[in-house]
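**Q** This is target_35.txt (compact mmCIF, C-alpha atoms and all ligand atoms).
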# COMPACT_ATOMS: atom_id res chain seq x y z
CA MET A 1 -51.72 -39.73 -33.22
CA GLY A 2 -53.68 -37.11 -35.11
CA LYS A 3 -54.61 -33.70 -33.79
CA LYS A 4 -57.76 -32.74 -31.91
CA VAL A 5 -59.21 -29.54 -33.33
CA LEU A 6 -62.14 -27.36 -32.21
CA LEU A 7 -64.14 -25.19 -34.62
CA VAL A 8 -66.41 -22.53 -33.11
CA GLY A 9 -69.71 -21.70 -34.84
CA GLY A 10 -72.76 -23.38 -36.29
CA GLY A 11 -73.61 -21.97 -39.72
CA GLY A 12 -72.88 -22.74 -43.36
CA ARG A 13 -69.43 -21.17 -43.05
CA GLU A 14 -68.53 -23.61 -40.28
CA HIS A 15 -69.93 -26.59 -42.23
CA ALA A 16 -67.72 -25.58 -45.17
CA LEU A 17 -64.65 -25.13 -42.93
CA ALA A 18 -65.33 -28.46 -41.19
CA TRP A 19 -65.77 -30.23 -44.55
CA LYS A 20 -62.39 -28.94 -45.67
CA LEU A 21 -60.64 -29.57 -42.33
CA CYS A 22 -61.84 -33.19 -42.39
CA GLN A 23 -59.72 -33.69 -45.53
CA SER A 24 -56.55 -32.99 -43.53
CA PRO A 25 -54.78 -36.27 -42.67
CA GLU A 26 -53.34 -34.56 -39.56
CA ILE A 27 -56.74 -34.23 -37.84
CA SER A 28 -58.04 -37.20 -35.89
CA GLU A 29 -61.06 -35.54 -34.25
CA LEU A 30 -62.83 -32.33 -35.13
CA TYR A 31 -65.21 -30.89 -32.52
CA VAL A 32 -67.69 -28.26 -33.73
CA ALA A 33 -69.40 -26.05 -31.15
CA PRO A 34 -72.32 -25.96 -31.58
CA GLY A 35 -72.26 -27.19 -35.22
CA ASN A 36 -75.39 -28.14 -37.17
CA ALA A 37 -76.99 -31.16 -38.81
CA GLY A 38 -74.49 -30.91 -41.68
CA THR A 39 -71.34 -30.95 -39.54
CA GLU A 40 -72.75 -33.87 -37.51
CA GLY A 41 -72.77 -35.96 -40.69
CA LEU A 42 -69.03 -35.53 -41.39
CA THR A 43 -66.53 -38.25 -40.58
CA LYS A 44 -64.19 -37.19 -37.73
CA VAL A 45 -66.72 -34.57 -36.48
CA ARG A 46 -68.50 -34.48 -33.16
CA ASN A 47 -70.87 -31.60 -32.45
CA VAL A 48 -70.51 -30.13 -28.97
CA PRO A 49 -73.61 -28.46 -27.46
CA ILE A 50 -71.84 -25.29 -26.30
CA LYS A 51 -72.92 -21.91 -27.68
CA ALA A 52 -70.26 -20.03 -29.65
CA THR A 53 -70.68 -17.08 -27.27
CA ASN A 54 -70.07 -19.14 -24.12
CA ILE A 55 -66.32 -18.63 -24.30
CA LEU A 56 -65.66 -19.74 -20.71
CA ALA A 57 -67.33 -23.10 -21.35
CA LEU A 58 -65.43 -23.44 -24.63
CA ALA A 59 -62.10 -22.84 -22.88
CA ALA A 60 -63.00 -25.38 -20.17
CA PHE A 61 -63.93 -27.91 -22.89
CA ALA A 62 -60.67 -27.31 -24.80
CA LEU A 63 -58.60 -27.81 -21.63
CA LYS A 64 -60.49 -30.95 -20.59
CA GLU A 65 -60.37 -32.58 -24.05
CA GLY A 66 -56.77 -31.64 -24.79
CA ILE A 67 -57.71 -29.61 -27.89
CA GLU A 68 -54.54 -28.69 -29.78
CA PHE A 69 -55.94 -26.02 -32.07
CA THR A 70 -59.09 -23.88 -32.15
CA ILE A 71 -60.47 -22.04 -35.18
CA VAL A 72 -63.16 -19.39 -34.70
CA GLY A 73 -65.77 -18.94 -37.42
CA GLN A 74 -68.25 -16.49 -35.88
CA ASP A 75 -67.69 -12.81 -35.06
CA ASP A 76 -69.23 -12.57 -31.58
CA PRO A 77 -66.84 -14.91 -29.70
CA LEU A 78 -63.96 -12.91 -31.19
CA ALA A 79 -65.49 -9.65 -29.97
CA LEU A 80 -65.95 -11.24 -26.52
CA GLY A 81 -62.23 -12.00 -26.35
CA ILE A 82 -62.08 -15.76 -26.98
CA VAL A 83 -58.56 -15.48 -28.41
CA ASP A 84 -57.18 -13.61 -25.37
CA LEU A 85 -58.90 -16.10 -23.04
CA PHE A 86 -57.56 -19.18 -24.83
CA GLN A 87 -54.06 -17.70 -25.07
CA SER A 88 -54.08 -16.97 -21.35
CA HIS A 89 -54.53 -20.74 -20.87
CA LYS A 90 -51.75 -21.48 -23.42
CA LEU A 91 -54.32 -22.88 -25.86
CA ARG A 92 -53.44 -22.49 -29.56
CA ILE A 93 -56.17 -20.53 -31.37
CA LEU A 94 -56.52 -18.73 -34.69
CA GLY A 95 -58.19 -15.32 -34.69
CA PRO A 96 -57.62 -11.69 -33.76
CA SER A 97 -57.37 -10.49 -30.16
CA LYS A 98 -60.32 -8.60 -28.66
CA MET A 99 -58.59 -5.28 -29.37
CA ALA A 100 -57.76 -6.24 -32.97
CA THR A 101 -61.33 -7.52 -33.51
CA ARG A 102 -62.50 -3.91 -33.06
CA ILE A 103 -61.83 -3.53 -36.77
CA GLU A 104 -65.20 -5.32 -37.10
CA SER A 105 -66.84 -4.87 -33.71
CA SER A 106 -66.41 -1.07 -33.60
CA LYS A 107 -67.29 0.76 -36.80
CA VAL A 108 -66.01 3.95 -35.16
CA TYR A 109 -62.56 2.42 -34.56
CA SER A 110 -62.53 0.91 -38.03
CA LYS A 111 -63.43 4.17 -39.83
CA GLU A 112 -60.96 6.19 -37.74
CA LEU A 113 -58.22 3.65 -38.49
CA MET A 114 -59.03 3.82 -42.21
CA ARG A 115 -58.88 7.60 -42.10
CA SER A 116 -55.57 7.59 -40.20
CA VAL A 117 -53.85 5.28 -42.70
CA ARG A 118 -55.62 6.78 -45.74
CA VAL A 119 -57.52 3.73 -46.89
CA PRO A 120 -60.20 4.67 -49.45
CA THR A 121 -63.56 4.79 -47.68
CA ALA A 122 -66.66 7.00 -47.74
CA PRO A 123 -66.44 10.27 -45.73
CA PHE A 124 -68.12 9.87 -42.32
CA THR A 125 -69.18 11.48 -39.05
CA VAL A 126 -69.60 9.79 -35.66
CA LEU A 127 -72.92 10.43 -33.90
CA ASP A 128 -72.99 9.80 -30.17
CA ASN A 129 -76.23 11.44 -29.12
CA TYR A 130 -79.72 11.66 -30.57
CA PRO A 131 -80.30 15.46 -30.62
CA ASN A 132 -77.03 16.14 -32.46
CA ALA A 133 -77.77 13.31 -34.88
CA VAL A 134 -81.15 14.86 -35.72
CA VAL A 135 -79.53 18.26 -36.35
CA LEU A 136 -77.02 16.64 -38.68
CA ALA A 137 -79.81 14.89 -40.61
CA GLN A 138 -81.70 18.20 -40.94
CA GLU A 139 -78.57 19.87 -42.28
CA HIS A 140 -77.88 17.02 -44.72
CA PHE A 141 -81.37 16.78 -46.20
CA GLY A 142 -82.30 20.46 -45.64
CA ASN A 143 -80.67 22.04 -48.68
CA LYS A 144 -82.58 19.87 -51.13
CA ASN A 145 -79.66 17.48 -50.80
CA LEU A 146 -80.96 14.15 -52.02
CA ARG A 147 -77.77 12.10 -51.70
CA PRO A 148 -78.57 9.11 -49.48
CA ILE A 149 -76.60 8.57 -46.30
CA VAL A 150 -75.92 5.33 -44.47
CA LEU A 151 -76.30 5.06 -40.71
CA LYS A 152 -74.49 2.15 -39.08
CA ALA A 153 -74.57 0.92 -35.50
CA SER A 154 -70.95 1.02 -34.36
CA GLY A 155 -71.16 -2.38 -32.62
CA LEU A 156 -72.07 -5.86 -33.86
CA ALA A 157 -75.73 -6.15 -34.86
CA LEU A 158 -76.00 -9.54 -36.62
CA GLY A 159 -75.49 -7.81 -39.99
CA LYS A 160 -78.70 -5.76 -39.44
CA GLY A 161 -77.30 -2.51 -38.08
CA ALA A 162 -76.94 -0.55 -41.36
CA TYR A 163 -79.67 1.73 -42.73
CA VAL A 164 -79.57 3.37 -46.16
CA CYS A 165 -81.55 6.62 -45.69
CA ARG A 166 -82.88 8.55 -48.67
CA SER A 167 -84.86 11.20 -46.76
CA TYR A 168 -84.96 13.02 -43.45
CA LYS A 169 -87.91 10.79 -42.46
CA GLU A 170 -85.83 7.64 -43.06
CA VAL A 171 -82.98 9.04 -40.95
CA LEU A 172 -85.39 9.72 -38.10
CA HIS A 173 -86.70 6.15 -38.35
CA ALA A 174 -83.14 4.71 -38.26
CA LEU A 175 -82.09 6.93 -35.35
CA ASP A 176 -85.24 6.00 -33.46
CA GLU A 177 -84.48 2.27 -33.83
CA LEU A 178 -80.78 2.67 -33.07
CA MET A 179 -80.68 5.30 -30.34
CA ILE A 180 -84.16 5.52 -28.77
CA GLN A 181 -85.62 2.00 -29.00
CA ARG A 182 -82.07 0.58 -28.94
CA ILE A 183 -83.12 -2.51 -30.89
CA HIS A 184 -79.45 -3.49 -31.25
CA GLY A 185 -78.69 -2.66 -27.60
CA SER A 186 -75.38 -0.97 -26.87
CA ALA A 187 -74.24 -1.60 -30.49
CA GLY A 188 -76.22 1.55 -31.38
CA ASP A 189 -74.80 3.80 -28.64
CA LYS A 190 -72.54 5.27 -31.30
CA VAL A 191 -73.59 5.52 -34.92
CA VAL A 192 -71.42 6.11 -37.98
CA ALA A 193 -73.07 8.31 -40.64
CA GLU A 194 -71.38 8.01 -44.01
CA GLU A 195 -71.98 8.81 -47.65
CA PHE A 196 -73.76 6.09 -49.58
CA VAL A 197 -71.56 4.35 -52.14
CA ASP A 198 -73.39 2.80 -55.06
CA GLY A 199 -71.76 0.00 -57.04
CA GLN A 200 -71.06 -3.73 -57.15
CA GLU A 201 -69.99 -5.40 -53.93
CA ILE A 202 -66.73 -7.40 -53.83
CA SER A 203 -64.69 -9.01 -51.10
CA VAL A 204 -61.09 -10.18 -51.06
CA HIS A 205 -60.10 -12.00 -47.88
CA ALA A 206 -56.56 -11.85 -46.51
CA LEU A 207 -55.18 -14.46 -44.12
CA CYS A 208 -52.79 -12.56 -41.84
CA ASP A 209 -50.18 -13.81 -39.36
CA GLY A 210 -49.43 -10.42 -37.78
CA THR A 211 -46.67 -9.43 -40.19
CA SER A 212 -47.30 -11.14 -43.53
CA TYR A 213 -50.48 -12.12 -45.30
CA GLU A 214 -51.87 -14.18 -48.17
CA LEU A 215 -54.55 -12.63 -50.37
CA PHE A 216 -57.42 -14.84 -51.60
CA PRO A 217 -59.15 -14.70 -54.99
CA SER A 218 -61.99 -12.18 -55.18
CA ALA A 219 -65.54 -13.20 -54.24
CA GLN A 220 -68.95 -11.59 -54.63
CA ASP A 221 -71.86 -11.93 -52.24
CA HIS A 222 -75.43 -11.00 -53.20
CA LYS A 223 -77.11 -9.49 -50.12
CA PRO A 224 -80.62 -8.40 -51.22
CA ILE A 225 -83.27 -11.12 -51.02
CA TYR A 226 -84.70 -10.77 -54.54
CA ASP A 227 -83.31 -11.04 -58.08
CA GLY A 228 -81.92 -7.84 -59.53
CA ASP A 229 -80.68 -6.79 -56.05
CA GLU A 230 -84.20 -5.85 -54.96
CA GLY A 231 -85.70 -6.07 -51.49
CA PRO A 232 -84.23 -6.02 -48.00
CA ASN A 233 -80.69 -7.13 -47.24
CA THR A 234 -80.03 -10.62 -45.93
CA GLY A 235 -76.96 -12.37 -44.55
CA GLY A 236 -76.12 -13.34 -48.16
CA MET A 237 -78.17 -15.07 -50.87
CA GLY A 238 -75.26 -16.47 -52.88
CA THR A 239 -71.64 -16.05 -53.88
CA ILE A 240 -69.26 -16.59 -56.75
CA ALA A 241 -65.45 -16.75 -56.78
CA PRO A 242 -63.32 -15.58 -58.39
CA VAL A 243 -65.07 -12.55 -59.92
CA PRO A 244 -63.81 -12.69 -63.52
CA TRP A 245 -63.73 -8.94 -64.19
CA PHE A 246 -62.11 -7.91 -60.88
CA ASN A 247 -58.44 -7.13 -61.50
CA HIS A 248 -57.54 -4.84 -58.58
CA HIS A 249 -55.55 -7.22 -56.40
CA ASP A 250 -52.49 -4.96 -56.43
CA PHE A 251 -54.62 -2.01 -55.35
CA VAL A 252 -56.19 -4.09 -52.53
CA ARG A 253 -52.70 -5.10 -51.36
CA GLN A 254 -51.05 -1.69 -51.49
CA CYS A 255 -53.90 0.67 -50.65
CA ILE A 256 -56.03 -1.42 -48.28
CA ILE A 257 -54.48 -4.50 -46.62
CA GLU A 258 -50.90 -3.26 -46.13
CA PRO A 259 -51.74 0.15 -44.64
CA ILE A 260 -54.33 -1.42 -42.31
CA LEU A 261 -51.93 -4.11 -41.08
CA ALA A 262 -49.23 -1.48 -40.56
CA GLY A 263 -51.69 0.77 -38.69
CA MET A 264 -52.76 -2.05 -36.39
CA GLN A 265 -49.13 -3.00 -35.77
CA ARG A 266 -48.42 0.66 -34.94
CA ASP A 267 -51.35 0.72 -32.49
CA GLY A 268 -50.00 -2.38 -30.72
CA HIS A 269 -52.77 -4.71 -31.92
CA PRO A 270 -51.34 -6.71 -34.82
CA PHE A 271 -54.01 -8.58 -36.74
CA VAL A 272 -53.84 -12.38 -36.85
CA GLY A 273 -56.63 -14.26 -38.62
CA LEU A 274 -58.97 -13.56 -41.49
CA LEU A 275 -59.24 -9.93 -42.54
CA TYR A 276 -62.17 -9.47 -44.87
CA PRO A 277 -62.73 -6.03 -46.31
CA GLY A 278 -66.21 -5.53 -47.77
CA LEU A 279 -65.62 -3.41 -50.87
CA LYS A 280 -67.76 -1.49 -53.33
CA MET A 281 -66.65 -0.47 -56.78
CA ARG A 282 -66.86 3.34 -57.18
CA GLU A 283 -65.92 4.74 -60.58
CA GLY A 284 -63.95 1.59 -61.34
CA TRP A 285 -61.98 1.44 -58.07
CA PRO A 286 -62.59 -0.34 -54.78
CA VAL A 287 -63.73 1.61 -51.72
CA VAL A 288 -63.91 -0.07 -48.30
CA LEU A 289 -67.40 -0.24 -46.81
CA GLU A 290 -66.34 -2.14 -43.70
CA PHE A 291 -63.88 -4.68 -42.37
CA ASN A 292 -64.75 -8.08 -40.95
CA ALA A 293 -62.39 -10.05 -38.74
CA ARG A 294 -63.38 -13.57 -39.86
CA PHE A 295 -64.36 -15.61 -42.91
CA GLY A 296 -67.41 -14.31 -44.75
CA ASP A 297 -70.58 -16.39 -44.83
CA PRO A 298 -71.32 -17.47 -47.61
CA GLU A 299 -67.87 -16.46 -48.96
CA ALA A 300 -66.21 -19.28 -46.98
CA GLN A 301 -68.43 -21.76 -48.81
CA VAL A 302 -66.96 -20.86 -52.23
CA TYR A 303 -63.43 -20.40 -50.86
CA MET A 304 -63.45 -23.88 -49.32
CA ARG A 305 -64.57 -25.38 -52.63
CA LEU A 306 -61.61 -23.77 -54.41
CA TRP A 307 -58.97 -24.31 -51.70
CA GLU A 308 -56.93 -27.37 -52.77
CA SER A 309 -54.04 -27.58 -50.30
CA ASP A 310 -54.25 -28.65 -46.65
CA LEU A 311 -56.31 -26.06 -44.74
CA LEU A 312 -55.09 -27.12 -41.30
CA LYS A 313 -51.42 -26.81 -42.29
CA THR A 314 -51.87 -23.23 -43.50
CA LEU A 315 -53.96 -22.09 -40.52
CA TRP A 316 -51.52 -23.73 -38.08
CA ALA A 317 -48.56 -21.97 -39.73
CA CYS A 318 -50.49 -18.69 -39.55
CA VAL A 319 -50.71 -18.86 -35.74
CA ASP A 320 -46.94 -19.45 -35.60
CA GLY A 321 -46.27 -16.38 -37.79
CA ARG A 322 -44.96 -18.72 -40.54
CA LEU A 323 -47.43 -17.92 -43.29
CA ARG A 324 -44.59 -17.09 -45.67
CA GLU A 325 -43.47 -20.74 -45.53
CA THR A 326 -46.77 -22.06 -46.88
CA LYS A 327 -48.52 -21.47 -50.16
CA ILE A 328 -52.26 -21.89 -50.60
CA LYS A 329 -53.06 -23.88 -53.73
CA TRP A 330 -56.28 -22.76 -55.38
CA ASN A 331 -58.39 -24.64 -57.91
CA PRO A 332 -57.89 -22.70 -61.18
CA GLY A 333 -61.64 -22.86 -61.93
CA TYR A 334 -64.67 -21.18 -60.39
CA ALA A 335 -67.15 -21.83 -57.59
CA ALA A 336 -70.74 -20.73 -57.10
CA CYS A 337 -72.99 -20.96 -54.05
CA ILE A 338 -76.78 -20.54 -53.99
CA THR A 339 -78.50 -19.88 -50.65
CA MET A 340 -81.81 -21.67 -50.11
CA ALA A 341 -83.87 -19.78 -47.52
CA SER A 342 -87.09 -20.31 -45.59
CA ALA A 343 -90.40 -18.67 -46.44
CA ARG A 344 -90.62 -15.07 -45.15
CA TYR A 345 -86.82 -14.80 -44.58
CA PRO A 346 -85.22 -12.26 -43.87
CA SER A 347 -88.11 -11.42 -41.58
CA PRO A 348 -87.37 -12.97 -38.16
CA ASP A 349 -90.71 -14.84 -38.26
CA TYR A 350 -89.54 -17.18 -41.05
CA LYS A 351 -91.15 -20.63 -41.19
CA LYS A 352 -89.44 -23.54 -39.40
CA GLY A 353 -89.83 -27.31 -39.18
CA MET A 354 -90.34 -27.98 -42.91
CA PRO A 355 -89.05 -31.44 -44.05
CA ILE A 356 -86.15 -31.21 -46.56
CA THR A 357 -85.65 -33.72 -49.39
CA GLY A 358 -83.22 -34.17 -52.28
CA ILE A 359 -79.80 -33.33 -50.78
CA ASP A 360 -78.28 -36.73 -51.69
CA LYS A 361 -79.57 -36.42 -55.25
CA ALA A 362 -78.07 -32.91 -55.52
CA GLN A 363 -74.72 -34.16 -54.22
CA SER A 364 -74.63 -36.97 -56.78
CA LEU A 365 -74.35 -34.34 -59.54
CA PRO A 366 -70.88 -33.40 -60.83
CA GLY A 367 -69.10 -30.78 -58.72
CA VAL A 368 -71.95 -30.26 -56.22
CA VAL A 369 -71.58 -30.13 -52.42
CA VAL A 370 -74.39 -28.92 -50.11
CA PHE A 371 -73.57 -27.11 -46.87
CA HIS A 372 -76.13 -26.77 -44.07
CA ALA A 373 -76.97 -23.73 -41.92
CA GLY A 374 -80.53 -23.74 -40.51
CA THR A 375 -81.24 -27.48 -40.43
CA GLN A 376 -82.04 -29.95 -37.68
CA MET A 377 -82.71 -33.70 -37.40
CA VAL A 378 -86.07 -34.39 -35.77
CA ASN A 379 -86.98 -38.08 -35.36
CA GLY A 380 -84.67 -39.05 -38.22
CA GLN A 381 -86.08 -36.40 -40.59
CA LEU A 382 -84.04 -33.38 -41.69
CA VAL A 383 -86.12 -30.21 -41.22
CA THR A 384 -85.57 -26.47 -41.57
CA SER A 385 -84.64 -24.59 -38.40
CA GLY A 386 -83.28 -21.22 -39.58
CA GLY A 387 -83.69 -18.40 -42.09
CA ARG A 388 -80.85 -19.44 -44.37
CA VAL A 389 -81.24 -23.22 -44.61
CA LEU A 390 -78.81 -24.66 -47.17
CA TYR A 391 -75.99 -23.52 -49.44
CA VAL A 392 -75.74 -25.45 -52.69
CA THR A 393 -72.20 -25.07 -54.02
CA ALA A 394 -70.55 -26.24 -57.22
CA VAL A 395 -67.19 -25.94 -58.91
CA GLY A 396 -66.62 -25.76 -62.65
CA ALA A 397 -63.94 -25.00 -65.20
CA THR A 398 -65.80 -21.79 -66.10
CA LEU A 399 -68.03 -19.51 -64.02
CA LYS A 400 -70.93 -20.44 -66.28
CA GLU A 401 -70.39 -24.13 -65.58
CA ALA A 402 -70.11 -23.60 -61.80
CA ILE A 403 -73.37 -21.60 -61.75
CA TYR A 404 -75.18 -24.08 -64.00
CA ARG A 405 -74.12 -27.00 -61.78
CA ALA A 406 -75.11 -25.21 -58.56
CA TYR A 407 -78.61 -24.48 -59.92
CA ALA A 408 -78.92 -28.11 -61.11
CA GLY A 409 -78.27 -29.07 -57.46
CA VAL A 410 -80.85 -26.56 -56.19
CA LYS A 411 -83.49 -28.08 -58.48
CA CYS A 412 -83.11 -31.49 -56.76
CA ILE A 413 -83.90 -30.04 -53.31
CA SER A 414 -87.29 -29.27 -51.90
CA PHE A 415 -88.88 -27.88 -48.74
CA GLU A 416 -92.13 -25.98 -48.30
CA GLY A 417 -91.83 -22.24 -48.89
CA MET A 418 -88.20 -22.37 -50.06
CA GLN A 419 -86.87 -19.25 -51.76
CA TYR A 420 -83.64 -18.59 -53.61
CA ARG A 421 -82.29 -16.06 -56.10
CA LYS A 422 -82.20 -17.12 -59.74
CA ASP A 423 -79.51 -14.62 -60.78
CA ILE A 424 -76.44 -15.42 -58.65
CA GLY A 425 -73.36 -14.49 -60.69
CA ALA A 426 -75.44 -13.25 -63.64
CA LYS A 427 -73.91 -9.73 -63.54
CA SER A 428 -70.46 -11.25 -64.02
CA LEU A 429 -71.54 -13.55 -66.85
CA ASN A 430 -72.82 -10.57 -68.79
CA LYS A 431 -69.68 -8.46 -68.36
N1 LIG B 501 -71.05 -12.17 -46.48
C1 LIG B 501 -71.43 -11.34 -45.42
C2 LIG B 501 -70.74 -11.54 -44.14
O1 LIG B 501 -70.14 -12.57 -43.92
O2 LIG B 501 -70.75 -10.65 -43.31
I need this file expressed as structure tokens, please.
**A**
Amino acid sequence: MGKKVLLVGGGGREHALAWKLCQSPEISELYVAPGNAGTEGLTKVRNVPIKATNILALAAFALKEGIEFTIVGQDDPLALGIVDLFQSHKLRILGPSKMATRIESSKVYSKELMRSVRVPTAPFTVLDNYPNAVVLAQEHFGNKNLRPIVLKASGLALGKGAYVCRSYKEVLHALDELMIQRIHGSAGDKVVAEEFVDGQEISVHALCDGTSYELFPSAQDHKPIYDGDEGPNTGGMGTIAPVPWFNHHDFVRQCIIEPILAGMQRDGHPFVGLLYPGLKMREGWPVVLEFNARFGDPEAQVYMRLWESDLLKTLWACVDGRLRETKIKWNPGYAACITMASARYPSPDYKKGMPITGIDKAQSLPGVVVFHAGTQMVNGQLVTSGGRVLYVTAVGATLKEAIYRAYAGVKCISFEGMQYRKDIGAKSLNK
């Protein structure tokens, strides 16, 4: 009898993880809560209409169905303590404990940990009340100091809690939203103010079992909505992996991952799960912007296209603290992922309900697989239902080939008002 597995989340990351998990001969049934129209179409998968944040209902479901292993995609159930809850019921689950998840869910904890173990990160101050924050902003921008600063809500804010401020006026606007209007709720009760770091963004995930870890190839997300990195930030408009010019894996191991894991071990909260430092290149070296405690989205989409060995086996061994006994086998080529978004995204009033065509045609092209995020079946017709709608991924022997194939897939797909960046990976092709 195969294993019953539960995957928590409903975006493109979870479709990619589900697609890869379905290839494991050891899985007989994969439940995805809540899943999306893409996961529903996979063999072995059954979507379960339970929200990822309803951790009590998820635990009850896992107990009732005899789920043998749970994998958590999204950040908020981790921050709510899903791992502690499942473990208290002797349910096997992959992810960090609530306390360890603070590396993502509390920017204050994360920055203080980085400082204590000397991980390279921008200098920072913690602001915990509005009047003091205003005084600090006056001091910073008073002396004709034009260096931008970044204000970040300490808590989780759906990726929207960071403000790059280039003037005193912009700081006041950010503080007003965070601390007076409280648009991100209690996430903005404490705010981290740090120096702005300019440079290319990189991420290198590490799968950690509490003592040892396995470092992934590098990946690069493209956050701004428009070509040339213009416009407001989004959840991610496309990714490539590996990044051909990035050759700092030893530095990431020795100066970032290992000190952080040791620091968390020291604090009594060893990290188990996916540790994903968001990095920026400053003067040729990586600096940590933030840590995430889960797979990136859309980084998971390119990682799953390159991951060749059995995903379930590795993740299962990770929970047992046996990561050293497994070896992830990676495709030696490249992967690219292009996000197709709704009209007006990233504004929250993006258009919904637009019929989507061409996915089968895209997937008939060499190397192309399409992952869903904001899609829904209505009366047998696939329609848009979110800001980021689809992720068109492709693998290739070279980065150029992977990107070319992914865009060939994009050109087959159509829905009214669709927008996508035309320059994903271009910076790395020109290097
Ligand atoms: N790639 C951005 C994120 O997952 O947070």
**Q** Do you have the atom CA of Ile240 of chain A-atom CA of Thr211 of chain A distance handy?
**A**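 Atom CA of Thr211 of chain A lies at a distance of 28.9 Å from atom CA of Ile240 of chain A.
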**Q** Draw an axis-aligned box over all listed atoms of ligand LIG 501 (chain B), pad each side with 5 Å, and write its centre and edge lengths in Å, one decimal, as AutoDock Vina command-line options.
**A**
--center_x -70.8 --center_y -11.6 --center_z -44.9 --size_x 11.3 --size_y 11.9 --size_z 13.2
**Q** Which one of A:Glu194, A:Asp221, A:Glu68, A:Asp320 sits closest to Pro298 of chain A if you count all atoms listed in the file?
**A**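 Among the listed residues, the smallest separation from Pro298 of chain A belongs to A:Asp221.
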**Q** Choose the residue, out of A:Val368, A:Met264, A:Met354, A:Leu136, that has the smallest atom-to-atom separation from Leu382 of chain A; count only C-alpha atoms.
**A**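 Closest residue, counting only C-alpha atoms: A:Met354.
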**Q** Considering only C-alpha atoms, can you say which of A:Leu215, A:Leu274, A:Ala133, A:Val48 comes closest to His249 of chain A?
**A**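 Among A:Leu215, A:Leu274, A:Ala133, A:Val48, it is A:Leu215 that comes nearest to His249 of chain A.
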**Q** Let me have all residues with an atom within 10 Å of ligand LIG 501 (chain B), counting all atoms listed in the file, laid out as number ranges by chain.
**A** A: 13, 74-75, 104, 158-159, 202-203, 219-223, 234-239, 276-278, 290-300
**Q** Expressed in Å to a single decimal, how great is the separation between atom CA of Gln265 of chain A and atom CA of Leu311 of chain A?
**A**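 Spanning atom CA of Gln265 of chain A to atom CA of Leu311 of chain A is a straight-line distance of 25.8 Å.
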**Q** Just how far from atom CA of Ile149 of chain A is atom CA of Glu177 of chain A, in Å to one decimal?
**A**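 Distance between the two atoms: 16.0 Å.
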**Q** Using only C-alpha atoms, which residue out of A:Ser154, A:Gln87, A:Thr393, A:Thr121 lies closest to Val108 of chain A?
**A**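 Once distances to Val108 of chain A are computed over only C-alpha atoms, the minimum belongs to A:Ser154.
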**Q** Determine, counting all atoms listed in the file, which protein, DNA and RNA residues have an atom within 8 Å of an atom of Tyr226 of chain A; residues of the same chain fewer than 3 positions away are not included. Present the result as an MDAnalysis selection string.
**A** chainID A and resid 229:231 420:421
**Q** Which residues come within 6 Å of segment 329-343 of chain A, counting all atoms listed in the file, excluding same-chain residues fewer than 5 positions away, as a CSV table (one decimal) with C-alpha atoms, in the coordinates of the input?
**A**
chain,number,residue,atom,x,y,z
A,237,MET,CA,-78.2,-15.1,-50.9
A,238,GLY,CA,-75.3,-16.5,-52.9
A,239,THR,CA,-71.6,-16.0,-53.9
A,240,ILE,CA,-69.3,-16.6,-56.8
A,241,ALA,CA,-65.4,-16.8,-56.8
A,302,VAL,CA,-67.0,-20.9,-52.2
A,306,LEU,CA,-61.6,-23.8,-54.4
A,307,TRP,CA,-59.0,-24.3,-51.7
A,308,GLU,CA,-56.9,-27.4,-52.8
A,309,SER,CA,-54.0,-27.6,-50.3
A,350,TYR,CA,-89.5,-17.2,-41.0
A,351,LYS,CA,-91.2,-20.6,-41.2
A,387,GLY,CA,-83.7,-18.4,-42.1
A,388,ARG,CA,-80.8,-19.4,-44.4
A,389,VAL,CA,-81.2,-23.2,-44.6
A,390,LEU,CA,-78.8,-24.7,-47.2
A,391,TYR,CA,-76.0,-23.5,-49.4
A,392,VAL,CA,-75.7,-25.4,-52.7
A,393,THR,CA,-72.2,-25.1,-54.0
A,394,ALA,CA,-70.6,-26.2,-57.2
A,395,VAL,CA,-67.2,-25.9,-58.9
A,396,GLY,CA,-66.6,-25.8,-62.6
A,397,ALA,CA,-63.9,-25.0,-65.2
A,398,THR,CA,-65.8,-21.8,-66.1
A,399,LEU,CA,-68.0,-19.5,-64.0
A,402,ALA,CA,-70.1,-23.6,-61.8
A,403,ILE,CA,-73.4,-21.6,-61.8
A,417,GLY,CA,-91.8,-22.2,-48.9
A,418,MET,CA,-88.2,-22.4,-50.1
A,419,GLN,CA,-86.9,-19.2,-51.8
A,420,TYR,CA,-83.6,-18.6,-53.6
**Q** Kindly indicate which residue among A:Pro25, A:Gly199, A:Gly95, A:Gly228 lies nearest to Ala426 of chain A, using all atoms listed in the file for the distances.
**A** A:Gly228
**Q** Set the distance at 10 Å and use only C-alpha atoms: which residues neighbour Ala174 of chain A once local chain neighbours fewer than 5 positions away are removed? I'd like the list as a list in words.
**A**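 Selected residues are Val150, Leu151, Lys152, Ala153, Gly161, Ala162, Tyr163, Val164, Cys165, Tyr168, Lys169, Met179, Ile180 and Gln181 of chain A.
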**Q** Given the choices A:Val134, A:Ile93, A:Ile55, A:Gly12, which gets closest to Leu312 of chain A if the distance is worked out from only C-alpha atoms?
**A**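 Closest residue, counting only C-alpha atoms: A:Ile93.
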